[in-house]
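Note sheet for the following structure.
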Amino acid sequence: MTPLSLSVAFLRHRWGQALLSVLVGALGVAAVETILIAQREIPAAAARAFGGVDMVVGPKGSALDLVMCCVLHVSEPRGLVPLASTVAAIPPSLVRATAPIALGDNYRGTRVVGSTPEILSIYRARIAEGTMWTKPLETVIGAETARVLNLKVGDHFVGSHGLSAGGEVHSEFPYVVAGVFAPTGSALDRLIVTPIETVYVIHHHHETEEAEAQGRPAPPQAPPAASAVLVSFRSPVALASLPRLIDATANLSAASPALETARLARAARPAIVALFGLGLVFSGIAAAAAATALMAAMNMRAKDLALLRALGARPVDLAGIALIEAALLAMATVVLGLLLALALTGVAAHILAVHDGLLLATTPKPSDVAFILAGALGAAVLAAVMPAVRAARAPIETVING
Amino acid sequence: MTPSASPPHRPGPLDTPALATQGLSLERGGEVFARLPALSLPPSQQITLIGPSGSGKTTAILALTGIRPPHSGALTIAGTDLWSLDTAARDRFRGQRIGLVFQSFHLIDAVTVLENLTLAATSAGLKADIAHIEGLMEQLAISDLRHRRARALSTGQAQRVAVARALVNRPALVIADEPTSALDDQNAHALLALLKECAARENAALLIATHDRRILESSPRTVEMERLA
């Protein structure tokens, strides 16, 4: 029988205590690992979702709102900006591409976005199937949209008013799928894109209907407007001057998705640090619980250890048993903790993917695992020091004295 | 408990006593209080160490097993001067050359009968000789119990396992400390018979320390502790 198998047998003998130590520790490990993943992956997923959008220009208001609404497509637009003056406010020498977006309709919760072909350049997208639209009511859909809504080239569908499912259905304006974008990893994958003229046609039709119902004459076609204009810079240097230039105008705001994410991360930092600390506290409590349990176990089996010494085991052998037990507890804690973290981040990733379009990679990085394993083994060794000393000093005379 | 590749020690030549003592005096609380008469115990022979409670039997066993040093005197086991060895070597020597049977048997509850027996070898730094262990279990009629945890054994079964464990490493000397004190007559006689038979079969000398009169009746040779104070 090896020290390892003896340690396993001792752990099995007091499985309740061992399980409790492992569970508490696993919660700590799961908290730490979840935060490590979240800290790294949420900004990365957001950056992926931004695609090539370096700046978004929209109506005056919160920059974060503008990003959430018109880049991540998770909140309502705040209003419209006149297209001509907005594009004119953006110096062409500093930008690689601009594309207006007009929001208003959805199909089963997926946004229908009016834009121009420049949107391909913004997202560095390409058509995987079918062709680019050529006229209003034709659409090119994102790869994820095609998968989730089971749409393919040539399919017709009817959108509804508003940005979430359940609005008034525009049955008189059926859309047709002209093409499907190749996956980009960005928010474009979850959109339905149509010529911006589609939005104008539908909008004008509604205004005309309303006017007729009220006995008024049909209003003239409004000048082109957009919810926002997406901008991709020619050089990162533009970030230093362009947003300031836009913000100086009377009616426009500019927002940099990257800066807003960084600002959000800074704002969330105290909460993240607190959660990380909580995870470490859990881990510390687990280590203390393991140390106490090990010490109690060593006390309970003082005669067993003394017997092993009587049978010829050296003090270092007995100390080894305590260390191996602690290491086994640490390994079980790390494995269970990582599994818990995987489950937690898996659920969180699913929710973020469905609601916010953020695609998180939840696989633990080897460096995370190494960090956690080293921490757990370090804590295990610390927890095992006193029990190991106690084991090594097992009073051999007690077995002879009965 | 790293097993060594070398085989267990075999008992020495027949003319080398399994146990020899000369002028072994014992101390307690800094004072010499008892003396063990000179002894020479050949392999396969049995001796009973007697004396009332407090006479120093336990202290003598601590000295004979290399756990607590005697005050003075000479002590060899299978030709080795036990107290000339350093602590680690003495621990190993005890595990490999001395079989111990304790008053309350002291089996490890967390492991099985077979594991209790293999532990006697691995704790002494030896590779467990499974064939030998199987043979001992056969002789002691505990083969069927090999996978049973020690805590589930009856007193009679536990005593047989304890005897088997003492013989796992083919010791030169088996020391049994008050092995019958907690047993009824039937179990006491059964254990004695087992100890004698198995020790003789393994060519090991047997020293039983006791104040149990039931043992004295059947002991071929006795030696009494000399109380000095």
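By convention here, the chains of the structure tokens are called A, B, ... in the order presented, each chain's residues are numbered starting at 1, and ligands are numbered starting at 1 in the order presented.
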Checklist entry - Within 7 Å of chain A, which residues of chain B show up when using only C-alpha atoms, listed as a ChimeraX atom specification? => result /B:1,58,88,91-92,94-95,102-104,108,110-111,115,118-120,122-124
Next on the checklist: Among segment 1-228 of chain B, which ones does DSSP assign to alpha helix (DSSP H) (computed from the backbone)? Answer as a ChimeraX atom specification.
Outcome noted: /B:57-64,87-97,113-123,130-139,155-167,185-201,213-216
Taking C-alpha atoms for each residue, export the selection above as an mmCIF file, in the first residue's frame.
data_model
loop_
_atom_site.group_PDB
_atom_site.id
_atom_site.type_symbol
_atom_site.label_atom_id
_atom_site.label_comp_id
_atom_site.auth_asym_id
_atom_site.auth_seq_id
_atom_site.Cartn_x
_atom_site.Cartn_y
_atom_site.Cartn_z
ATOM 1 C CA LYS B 57 7.186 -4.557 31.402
ATOM 2 C CA THR B 58 5.988 -1.828 29.081
ATOM 3 C CA THR B 59 9.182 0.177 29.574
ATOM 4 C CA ALA B 60 11.126 -2.979 28.789
ATOM 5 C CA ILE B 61 9.168 -3.443 25.566
ATOM 6 C CA LEU B 62 9.834 0.176 24.608
ATOM 7 C CA ALA B 63 13.543 -0.560 25.034
ATOM 8 C CA LEU B 64 13.375 -3.927 23.225
ATOM 9 C CA THR B 87 16.643 6.750 14.900
ATOM 10 C CA ALA B 88 15.693 6.240 11.243
ATOM 11 C CA ALA B 89 17.632 2.972 10.985
ATOM 12 C CA ARG B 90 16.132 1.802 14.273
ATOM 13 C CA ASP B 91 12.603 2.533 12.981
ATOM 14 C CA ARG B 92 13.320 0.549 9.823
ATOM 15 C CA PHE B 93 14.948 -2.275 11.806
ATOM 16 C CA ARG B 94 11.936 -2.505 14.090
ATOM 17 C CA GLY B 95 9.594 -2.661 11.128
ATOM 18 C CA GLN B 96 11.628 -5.309 9.346
ATOM 19 C CA ARG B 97 12.907 -7.541 12.154
ATOM 20 C CA VAL B 113 -7.499 -6.536 6.090
ATOM 21 C CA LEU B 114 -5.231 -7.096 3.093
ATOM 22 C CA GLU B 115 -4.161 -3.442 3.151
ATOM 23 C CA ASN B 116 -3.443 -3.648 6.885
ATOM 24 C CA LEU B 117 -1.104 -6.524 6.111
ATOM 25 C CA THR B 118 0.632 -4.927 3.131
ATOM 26 C CA LEU B 119 1.089 -1.757 5.199
ATOM 27 C CA ALA B 120 3.306 -3.729 7.580
ATOM 28 C CA ALA B 121 5.690 -4.296 4.673
ATOM 29 C CA THR B 122 5.506 -0.899 2.986
ATOM 30 C CA SER B 123 5.752 0.997 6.290
ATOM 31 C CA ILE B 130 1.806 -11.013 -1.582
ATOM 32 C CA ALA B 131 2.373 -14.775 -1.783
ATOM 33 C CA HIS B 132 3.627 -14.793 1.795
ATOM 34 C CA ILE B 133 0.728 -12.639 2.938
ATOM 35 C CA GLU B 134 -1.732 -14.932 1.160
ATOM 36 C CA GLY B 135 -0.094 -17.888 2.932
ATOM 37 C CA LEU B 136 -0.425 -16.193 6.336
ATOM 38 C CA MET B 137 -4.066 -15.349 5.672
ATOM 39 C CA GLU B 138 -4.647 -18.971 4.693
ATOM 40 C CA GLN B 139 -2.983 -20.284 7.866
ATOM 41 C CA THR B 155 -12.503 -9.431 18.178
ATOM 42 C CA GLY B 156 -11.455 -12.932 17.172
ATOM 43 C CA GLN B 157 -10.954 -11.910 13.540
ATOM 44 C CA ALA B 158 -9.038 -8.774 14.551
ATOM 45 C CA GLN B 159 -6.632 -10.759 16.737
ATOM 46 C CA ARG B 160 -5.876 -13.157 13.859
ATOM 47 C CA VAL B 161 -5.192 -10.222 11.539
ATOM 48 C CA ALA B 162 -2.924 -8.695 14.198
ATOM 49 C CA VAL B 163 -0.953 -11.945 14.426
ATOM 50 C CA ALA B 164 -0.659 -12.140 10.633
ATOM 51 C CA ARG B 165 0.561 -8.531 10.480
ATOM 52 C CA ALA B 166 3.285 -9.270 13.059
ATOM 53 C CA LEU B 167 4.608 -12.024 10.793
ATOM 54 C CA ASP B 185 -10.636 -17.546 28.256
ATOM 55 C CA GLN B 186 -11.614 -19.045 24.942
ATOM 56 C CA ASN B 187 -10.249 -16.170 22.870
ATOM 57 C CA ALA B 188 -7.138 -15.890 25.049
ATOM 58 C CA HIS B 189 -6.212 -19.550 24.563
ATOM 59 C CA ALA B 190 -6.997 -19.374 20.858
ATOM 60 C CA LEU B 191 -4.750 -16.331 20.417
ATOM 61 C CA LEU B 192 -1.897 -17.909 22.377
ATOM 62 C CA ALA B 193 -2.073 -21.050 20.309
ATOM 63 C CA LEU B 194 -2.047 -19.020 17.111
ATOM 64 C CA LEU B 195 0.893 -16.888 18.201
ATOM 65 C CA LYS B 196 2.996 -19.852 19.184
ATOM 66 C CA GLU B 197 2.157 -21.900 16.118
ATOM 67 C CA CYS B 198 2.662 -19.105 13.617
ATOM 68 C CA ALA B 199 5.839 -17.749 15.212
ATOM 69 C CA ALA B 200 7.340 -21.242 15.256
ATOM 70 C CA ARG B 201 6.341 -21.837 11.635
ATOM 71 C CA ARG B 213 -1.959 -16.144 34.731
ATOM 72 C CA ARG B 214 -3.651 -18.016 31.892
ATOM 73 C CA ILE B 215 -0.510 -17.526 29.825
ATOM 74 C CA LEU B 216 1.853 -18.495 32.614
#
Checklist entry - Between A:Ser93, A:Ser121, A:Ser227, A:Thr139, which has the minimum distance to Arg78 of chain A (counting only C-alpha atoms)? => result A:Ser227
Item to check | Close residues, Thr292 of chain A itself excluded, 12 Å, only C-alpha atoms, min 6 positions apart in chain, as a VMD selection string | outcome: chain A and resid 17 to 18 20 to 21 285 to 286 298 to 299 326 380 382 to 387
For the selection you just gave me, I'd like the residues written to a file as a PDB file, in the first residue's frame, keeping N, CA and C atoms.
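As a result, selection32.pdb now contains:
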ATOM      1  N   GLN A  17     -16.233  15.316   5.755  1.00  0.00           N
ATOM      2  CA  GLN A  17     -15.380  16.494   6.002  1.00  0.00           C
ATOM      3  C   GLN A  17     -14.632  16.879   4.739  1.00  0.00           C
ATOM      4  N   ALA A  18     -14.116  15.862   4.060  1.00  0.00           N
ATOM      5  CA  ALA A  18     -13.340  16.121   2.841  1.00  0.00           C
ATOM      6  C   ALA A  18     -14.217  16.806   1.791  1.00  0.00           C
ATOM      7  N   LEU A  20     -16.882  18.604   2.242  1.00  0.00           N
ATOM      8  CA  LEU A  20     -17.209  19.977   2.643  1.00  0.00           C
ATOM      9  C   LEU A  20     -16.058  20.927   2.289  1.00  0.00           C
ATOM     10  N   SER A  21     -14.837  20.495   2.614  1.00  0.00           N
ATOM     11  CA  SER A  21     -13.663  21.325   2.298  1.00  0.00           C
ATOM     12  C   SER A  21     -13.580  21.566   0.799  1.00  0.00           C
ATOM     13  N   ILE A 285     -10.932  30.616   3.220  1.00  0.00           N
ATOM     14  CA  ILE A 285     -11.753  29.885   4.198  1.00  0.00           C
ATOM     15  C   ILE A 285     -11.636  28.382   3.939  1.00  0.00           C
ATOM     16  N   ALA A 286     -11.635  28.022   2.654  1.00  0.00           N
ATOM     17  CA  ALA A 286     -11.519  26.605   2.310  1.00  0.00           C
ATOM     18  C   ALA A 286     -10.191  26.041   2.801  1.00  0.00           C
ATOM     19  N   MET A 298      -5.764  14.279  11.827  1.00  0.00           N
ATOM     20  CA  MET A 298      -4.492  13.780  12.357  1.00  0.00           C
ATOM     21  C   MET A 298      -4.629  13.443  13.841  1.00  0.00           C
ATOM     22  N   ASN A 299      -5.407  14.291  14.553  1.00  0.00           N
ATOM     23  CA  ASN A 299      -5.632  14.000  15.966  1.00  0.00           C
ATOM     24  C   ASN A 299      -6.411  12.703  16.133  1.00  0.00           C
ATOM     25  N   ALA A 326      -3.638  16.723   1.694  1.00  0.00           N
ATOM     26  CA  ALA A 326      -3.939  18.131   1.399  1.00  0.00           C
ATOM     27  C   ALA A 326      -3.861  18.385  -0.103  1.00  0.00           C
ATOM     28  N   ALA A 380      -2.678  24.399   0.031  1.00  0.00           N
ATOM     29  CA  ALA A 380      -2.730  23.042   0.580  1.00  0.00           C
ATOM     30  C   ALA A 380      -1.479  22.749   1.403  1.00  0.00           C
ATOM     31  N   LEU A 382       0.428  24.974   2.867  1.00  0.00           N
ATOM     32  CA  LEU A 382       0.339  25.761   4.105  1.00  0.00           C
ATOM     33  C   LEU A 382      -0.612  25.093   5.096  1.00  0.00           C
ATOM     34  N   ALA A 383      -1.766  24.634   4.536  1.00  0.00           N
ATOM     35  CA  ALA A 383      -2.766  24.009   5.400  1.00  0.00           C
ATOM     36  C   ALA A 383      -2.240  22.718   6.010  1.00  0.00           C
ATOM     37  N   ALA A 384      -1.304  22.074   5.299  1.00  0.00           N
ATOM     38  CA  ALA A 384      -0.850  20.753   5.749  1.00  0.00           C
ATOM     39  C   ALA A 384       0.371  20.815   6.662  1.00  0.00           C
ATOM     40  N   VAL A 385       0.961  22.025   6.794  1.00  0.00           N
ATOM     41  CA  VAL A 385       2.217  22.097   7.556  1.00  0.00           C
ATOM     42  C   VAL A 385       2.033  21.601   8.990  1.00  0.00           C
ATOM     43  N   MET A 386       1.059  22.205   9.687  1.00  0.00           N
ATOM     44  CA  MET A 386       0.866  21.812  11.090  1.00  0.00           C
ATOM     45  C   MET A 386       0.434  20.352  11.220  1.00  0.00           C
ATOM     46  N   PRO A 387      -0.573  19.931  10.409  1.00  0.00           N
ATOM     47  CA  PRO A 387      -0.932  18.510  10.493  1.00  0.00           C
ATOM     48  C   PRO A 387       0.244  17.588  10.162  1.00  0.00           C
TER      49      PRO A 387
END
Next on the checklist: Please compute the atom CA of Thr34 of chain A-atom CA of Thr345 of chain A distance, one decimal, in Å.
Outcome noted: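 It comes out at 6.3 Å.
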Item to check | Near-segment 185-202 of chain A list (9 Å; only C-alpha atoms; drop same-chain fewer than 6 positions) as a PyMOL selection string | outcome: chain A and resi 45-52+71-73+100-107+110-117+123+125+133-146+148+170+173+175+221-222+224-226+356-359
Next on the checklist: as a PyMOL selection string, please: the residues near segment 89-92 of chain A (cut-off 12 Å, only C-alpha atoms, same-chain neighbours under 2 positions excluded).
Outcome noted: chain A and resi 55-58+81-87+94-99+229-235+238+241-254
Dump N, CA and C atoms for the selected residues as a CSV table (one decimal), in the first residue's frame?
chain,number,residue,atom,x,y,z
A,55,MET,N,-16.0,54.5,-34.5
A,55,MET,CA,-16.8,55.6,-33.9
A,55,MET,C,-18.2,55.6,-34.4
A,56,VAL,N,-19.1,56.0,-33.6
A,56,VAL,CA,-20.5,56.1,-34.0
A,56,VAL,C,-21.0,57.5,-33.8
A,57,VAL,N,-21.6,58.1,-34.8
A,57,VAL,CA,-22.1,59.4,-34.6
A,57,VAL,C,-23.6,59.4,-34.6
A,58,GLY,N,-24.2,60.0,-33.6
A,58,GLY,CA,-25.7,60.0,-33.5
A,58,GLY,C,-26.2,61.3,-32.8
A,81,VAL,N,-30.7,61.5,-36.9
A,81,VAL,CA,-29.8,62.7,-37.3
A,81,VAL,C,-30.0,62.9,-38.8
A,82,PRO,N,-29.9,64.1,-39.3
A,82,PRO,CA,-30.0,64.4,-40.7
A,82,PRO,C,-28.8,63.8,-41.4
A,83,LEU,N,-29.0,63.0,-42.4
A,83,LEU,CA,-27.9,62.2,-43.0
A,83,LEU,C,-26.8,63.2,-43.6
A,84,ALA,N,-27.3,64.1,-44.4
A,84,ALA,CA,-26.4,64.9,-45.2
A,84,ALA,C,-25.4,65.7,-44.3
A,85,SER,N,-26.0,66.4,-43.3
A,85,SER,CA,-25.2,67.2,-42.4
A,85,SER,C,-24.3,66.4,-41.5
A,86,THR,N,-24.8,65.2,-41.1
A,86,THR,CA,-23.9,64.3,-40.3
A,86,THR,C,-22.7,63.9,-41.1
A,87,VAL,N,-22.9,63.4,-42.3
A,87,VAL,CA,-21.8,62.9,-43.1
A,87,VAL,C,-20.9,64.1,-43.4
A,94,LEU,N,-10.0,61.6,-42.8
A,94,LEU,CA,-9.6,60.8,-41.6
A,94,LEU,C,-10.3,59.4,-41.5
A,95,VAL,N,-11.2,59.2,-42.4
A,95,VAL,CA,-12.0,57.9,-42.3
A,95,VAL,C,-11.8,57.0,-43.5
A,96,ARG,N,-11.9,55.7,-43.2
A,96,ARG,CA,-11.8,54.7,-44.2
A,96,ARG,C,-13.1,54.5,-44.9
A,97,ALA,N,-14.2,54.5,-44.0
A,97,ALA,CA,-15.5,54.2,-44.5
A,97,ALA,C,-16.5,54.8,-43.5
A,98,THR,N,-17.7,55.2,-44.1
A,98,THR,CA,-18.8,55.5,-43.2
A,98,THR,C,-20.1,54.8,-43.8
A,99,ALA,N,-21.0,54.5,-42.8
A,99,ALA,CA,-22.2,53.8,-43.3
A,99,ALA,C,-23.3,54.3,-42.3
A,229,VAL,N,-24.5,57.2,-37.7
A,229,VAL,CA,-23.5,56.9,-38.8
A,229,VAL,C,-22.4,56.1,-38.2
A,230,LEU,N,-22.1,55.0,-38.8
A,230,LEU,CA,-20.9,54.2,-38.3
A,230,LEU,C,-19.7,54.7,-39.0
A,231,VAL,N,-18.6,54.8,-38.3
A,231,VAL,CA,-17.3,55.3,-38.9
A,231,VAL,C,-16.2,54.3,-38.7
A,232,SER,N,-15.4,54.1,-39.7
A,232,SER,CA,-14.2,53.3,-39.5
A,232,SER,C,-13.0,54.2,-39.9
A,233,PHE,N,-12.1,54.3,-39.0
A,233,PHE,CA,-11.0,55.3,-39.2
A,233,PHE,C,-10.0,54.8,-40.2
A,234,ARG,N,-9.3,55.8,-40.9
A,234,ARG,CA,-8.2,55.4,-41.7
A,234,ARG,C,-7.0,55.1,-40.8
A,235,SER,N,-6.9,55.8,-39.7
A,235,SER,CA,-5.7,55.6,-38.8
A,235,SER,C,-6.3,55.8,-37.4
A,238,ALA,N,-7.0,59.3,-35.6
A,238,ALA,CA,-8.3,60.0,-35.8
A,238,ALA,C,-9.1,60.0,-34.5
A,241,SER,N,-8.8,63.2,-32.4
A,241,SER,CA,-9.4,64.5,-32.7
A,241,SER,C,-10.9,64.5,-33.2
A,242,LEU,N,-11.2,63.4,-33.9
A,242,LEU,CA,-12.6,63.3,-34.5
A,242,LEU,C,-13.7,63.4,-33.5
A,243,PRO,N,-13.7,62.6,-32.5
A,243,PRO,CA,-14.9,62.6,-31.6
A,243,PRO,C,-15.1,64.0,-31.0
A,244,ARG,N,-13.9,64.7,-30.7
A,244,ARG,CA,-14.0,66.0,-30.1
A,244,ARG,C,-14.7,67.0,-31.1
A,245,LEU,N,-14.3,66.8,-32.4
A,245,LEU,CA,-14.8,67.7,-33.4
A,245,LEU,C,-16.3,67.5,-33.6
A,246,ILE,N,-16.8,66.2,-33.5
A,246,ILE,CA,-18.2,65.9,-33.7
A,246,ILE,C,-19.0,66.5,-32.4
A,247,ASP,N,-18.4,66.2,-31.2
A,247,ASP,CA,-19.1,66.6,-30.0
A,247,ASP,C,-19.2,68.2,-30.0
A,248,ALA,N,-18.4,68.9,-30.7
A,248,ALA,CA,-18.4,70.3,-30.7
A,248,ALA,C,-19.6,70.9,-31.5
A,249,THR,N,-20.2,70.0,-32.3
A,249,THR,CA,-21.4,70.4,-33.1
A,249,THR,C,-22.6,70.6,-32.2
A,250,ALA,N,-23.6,71.2,-32.7
A,250,ALA,CA,-24.8,71.5,-31.9
A,250,ALA,C,-25.7,70.3,-31.7
A,251,ASN,N,-25.7,69.4,-32.7
A,251,ASN,CA,-26.8,68.3,-32.7
A,251,ASN,C,-26.2,66.9,-32.6
A,252,LEU,N,-24.9,66.8,-32.7
A,252,LEU,CA,-24.3,65.4,-32.8
A,252,LEU,C,-23.4,65.0,-31.7
A,253,SER,N,-23.4,63.7,-31.4
A,253,SER,CA,-22.5,63.2,-30.4
A,253,SER,C,-21.7,62.1,-31.1
A,254,ALA,N,-20.5,61.9,-30.6
A,254,ALA,CA,-19.6,60.8,-31.2
A,254,ALA,C,-19.3,59.9,-30.0
Checklist entry - Mind pulling up the distance from atom CA of Arg170 of chain B to atom CA of Leu36 of chain B? => result 25.7 Å
Next on the checklist: Restricting the calculation to only C-alpha atoms: of A:Thr208, A:Ala374, A:Leu264, A:Ala240, which residue gets closest to Asp65 of chain A?
Outcome noted: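 Checking each of A:Thr208, A:Ala374, A:Leu264, A:Ala240 against Asp65 of chain A, counting only C-alpha atoms, the winner is A:Leu264.
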Do a neighbour search on Pro70 of chain B at 7 Å with only C-alpha atoms, toss out local chain neighbours closer than 6 positions, and write the hits as a PDB file with N, CA and C atoms, in the first residue's frame.
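Result went into out-v4.pdb, see below:
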ATOM      1  N   LEU B  24      20.250  -5.154  31.378  1.00  0.00           N
ATOM      2  CA  LEU B  24      19.413  -4.069  30.821  1.00  0.00           C
ATOM      3  C   LEU B  24      18.619  -3.405  31.955  1.00  0.00           C
ATOM      4  N   SER B  25      19.001  -2.195  32.330  1.00  0.00           N
ATOM      5  CA  SER B  25      18.262  -1.496  33.379  1.00  0.00           C
ATOM      6  C   SER B  25      17.428  -0.386  32.742  1.00  0.00           C
ATOM      7  N   LEU B  26      16.307  -0.129  33.373  1.00  0.00           N
ATOM      8  CA  LEU B  26      15.326   0.788  32.780  1.00  0.00           C
ATOM      9  C   LEU B  26      15.107   1.973  33.702  1.00  0.00           C
ATOM     10  N   GLU B  27      14.834   3.116  33.081  1.00  0.00           N
ATOM     11  CA  GLU B  27      14.594   4.299  33.924  1.00  0.00           C
ATOM     12  C   GLU B  27      13.236   4.907  33.606  1.00  0.00           C
ATOM     13  N   ALA B  63      12.097  -0.430  25.252  1.00  0.00           N
ATOM     14  CA  ALA B  63      13.543  -0.560  25.034  1.00  0.00           C
ATOM     15  C   ALA B  63      13.831  -1.658  24.006  1.00  0.00           C
TER      16      ALA B  63
END
Checklist entry - Which residues in segment 49-228 of chain B does DSSP call strand (DSSP E or B)? List them as a VMD selection string. => result chain B and resid 49 to 50 72 to 77 80 to 81 98 to 101 112 126 149 173 to 177 205 to 210 222 to 224 226 to 227
Those selected residues, please, written with N, CA and C atoms and delivered as an mmCIF file, in the first residue's frame.
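Saved as again_1.cif:
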data_model
loop_
_atom_site.group_PDB
_atom_site.id
_atom_site.type_symbol
_atom_site.label_atom_id
_atom_site.label_comp_id
_atom_site.auth_asym_id
_atom_site.auth_seq_id
_atom_site.Cartn_x
_atom_site.Cartn_y
_atom_site.Cartn_z
ATOM 1 N N LEU B 49 7.533 -12.749 29.623
ATOM 2 C CA LEU B 49 8.057 -11.727 30.548
ATOM 3 C C LEU B 49 6.932 -11.357 31.496
ATOM 4 N N ILE B 50 7.143 -11.614 32.777
ATOM 5 C CA ILE B 50 6.052 -11.395 33.719
ATOM 6 C C ILE B 50 6.414 -10.319 34.743
ATOM 7 N N SER B 72 20.916 1.463 30.861
ATOM 8 C CA SER B 72 22.225 0.847 30.589
ATOM 9 C C SER B 72 22.001 -0.603 30.185
ATOM 10 N N GLY B 73 23.064 -1.236 29.718
ATOM 11 C CA GLY B 73 22.986 -2.647 29.372
ATOM 12 C C GLY B 73 23.116 -2.860 27.877
ATOM 13 N N ALA B 74 23.204 -4.128 27.510
ATOM 14 C CA ALA B 74 23.387 -4.500 26.103
ATOM 15 C C ALA B 74 22.130 -5.175 25.580
ATOM 16 N N LEU B 75 21.843 -4.919 24.323
ATOM 17 C CA LEU B 75 20.642 -5.503 23.717
ATOM 18 C C LEU B 75 20.926 -5.774 22.245
ATOM 19 N N THR B 76 20.820 -7.027 21.837
ATOM 20 C CA THR B 76 20.948 -7.334 20.410
ATOM 21 C C THR B 76 19.717 -8.104 19.949
ATOM 22 N N ILE B 77 19.320 -7.815 18.712
ATOM 23 C CA ILE B 77 18.225 -8.560 18.099
ATOM 24 C C ILE B 77 18.763 -9.136 16.798
ATOM 25 N N THR B 80 22.071 -7.820 15.911
ATOM 26 C CA THR B 80 22.265 -6.378 15.710
ATOM 27 C C THR B 80 22.080 -5.630 17.033
ATOM 28 N N ASP B 81 23.060 -4.785 17.336
ATOM 29 C CA ASP B 81 22.955 -3.955 18.536
ATOM 30 C C ASP B 81 21.947 -2.835 18.226
ATOM 31 N N ILE B 98 11.228 -6.955 13.801
ATOM 32 C CA ILE B 98 10.434 -7.207 15.006
ATOM 33 C C ILE B 98 8.951 -7.169 14.643
ATOM 34 N N GLY B 99 8.245 -8.234 14.940
ATOM 35 C CA GLY B 99 6.804 -8.244 14.757
ATOM 36 C C GLY B 99 6.129 -7.857 16.064
ATOM 37 N N LEU B 100 5.143 -6.996 15.971
ATOM 38 C CA LEU B 100 4.499 -6.514 17.207
ATOM 39 C C LEU B 100 3.020 -6.894 17.228
ATOM 40 N N VAL B 101 2.592 -7.411 18.386
ATOM 41 C CA VAL B 101 1.158 -7.653 18.596
ATOM 42 C C VAL B 101 0.763 -6.835 19.820
ATOM 43 N N THR B 112 -8.571 -2.082 4.412
ATOM 44 C CA THR B 112 -9.029 -3.471 4.492
ATOM 45 C C THR B 112 -8.007 -4.337 5.220
ATOM 46 N N LEU B 126 9.651 -2.122 2.772
ATOM 47 C CA LEU B 126 9.792 -3.359 1.994
ATOM 48 C C LEU B 126 8.677 -3.472 0.970
ATOM 49 N N ARG B 149 -13.182 -4.147 5.738
ATOM 50 C CA ARG B 149 -12.509 -3.094 6.502
ATOM 51 C C ARG B 149 -12.292 -3.561 7.932
ATOM 52 N N LEU B 173 12.009 -11.704 15.676
ATOM 53 C CA LEU B 173 11.408 -11.698 17.016
ATOM 54 C C LEU B 173 10.004 -11.134 16.950
ATOM 55 N N VAL B 174 9.062 -11.842 17.600
ATOM 56 C CA VAL B 174 7.715 -11.304 17.733
ATOM 57 C C VAL B 174 7.518 -10.933 19.192
ATOM 58 N N ILE B 175 7.089 -9.696 19.434
ATOM 59 C CA ILE B 175 6.830 -9.247 20.803
ATOM 60 C C ILE B 175 5.327 -8.988 20.927
ATOM 61 N N ALA B 176 4.712 -9.635 21.890
ATOM 62 C CA ALA B 176 3.279 -9.441 22.123
ATOM 63 C C ALA B 176 3.101 -8.814 23.501
ATOM 64 N N ASP B 177 2.466 -7.662 23.528
ATOM 65 C CA ASP B 177 2.310 -6.917 24.779
ATOM 66 C C ASP B 177 0.901 -7.142 25.331
ATOM 67 N N ALA B 205 11.356 -16.019 17.099
ATOM 68 C CA ALA B 205 11.254 -16.144 18.554
ATOM 69 C C ALA B 205 10.044 -15.333 19.020
ATOM 70 N N LEU B 206 9.495 -15.726 20.162
ATOM 71 C CA LEU B 206 8.278 -15.058 20.646
ATOM 72 C C LEU B 206 8.465 -14.611 22.086
ATOM 73 N N LEU B 207 8.264 -13.319 22.331
ATOM 74 C CA LEU B 207 8.315 -12.811 23.703
ATOM 75 C C LEU B 207 6.937 -12.238 24.030
ATOM 76 N N ILE B 208 6.337 -12.771 25.086
ATOM 77 C CA ILE B 208 5.022 -12.271 25.481
ATOM 78 C C ILE B 208 5.173 -11.573 26.832
ATOM 79 N N ALA B 209 4.795 -10.326 26.889
ATOM 80 C CA ALA B 209 4.829 -9.594 28.160
ATOM 81 C C ALA B 209 3.420 -9.611 28.741
ATOM 82 N N THR B 210 3.298 -10.113 29.953
ATOM 83 C CA THR B 210 1.945 -10.249 30.512
ATOM 84 C C THR B 210 1.952 -10.387 32.029
ATOM 85 N N THR B 222 9.725 -18.582 31.608
ATOM 86 C CA THR B 222 9.318 -17.245 32.046
ATOM 87 C C THR B 222 10.523 -16.501 32.608
ATOM 88 N N VAL B 223 10.433 -15.167 32.533
ATOM 89 C CA VAL B 223 11.442 -14.332 33.168
ATOM 90 C C VAL B 223 10.685 -13.189 33.827
ATOM 91 N N GLU B 224 11.125 -12.815 35.031
ATOM 92 C CA GLU B 224 10.374 -11.802 35.782
ATOM 93 C C GLU B 224 11.175 -10.508 35.872
ATOM 94 N N GLU B 226 12.811 -7.362 37.415
ATOM 95 C CA GLU B 226 13.346 -7.098 38.755
ATOM 96 C C GLU B 226 13.059 -5.642 39.091
ATOM 97 N N ARG B 227 12.296 -5.451 40.114
ATOM 98 C CA ARG B 227 11.960 -4.084 40.542
ATOM 99 C C ARG B 227 13.079 -3.579 41.442
#
Item to check | Residues within 6 Å of Pro42 of chain B, only C-alpha atoms, excluding chain neighbours under 3 positions, as number ranges by chain | outcome: B: 17-18, 45
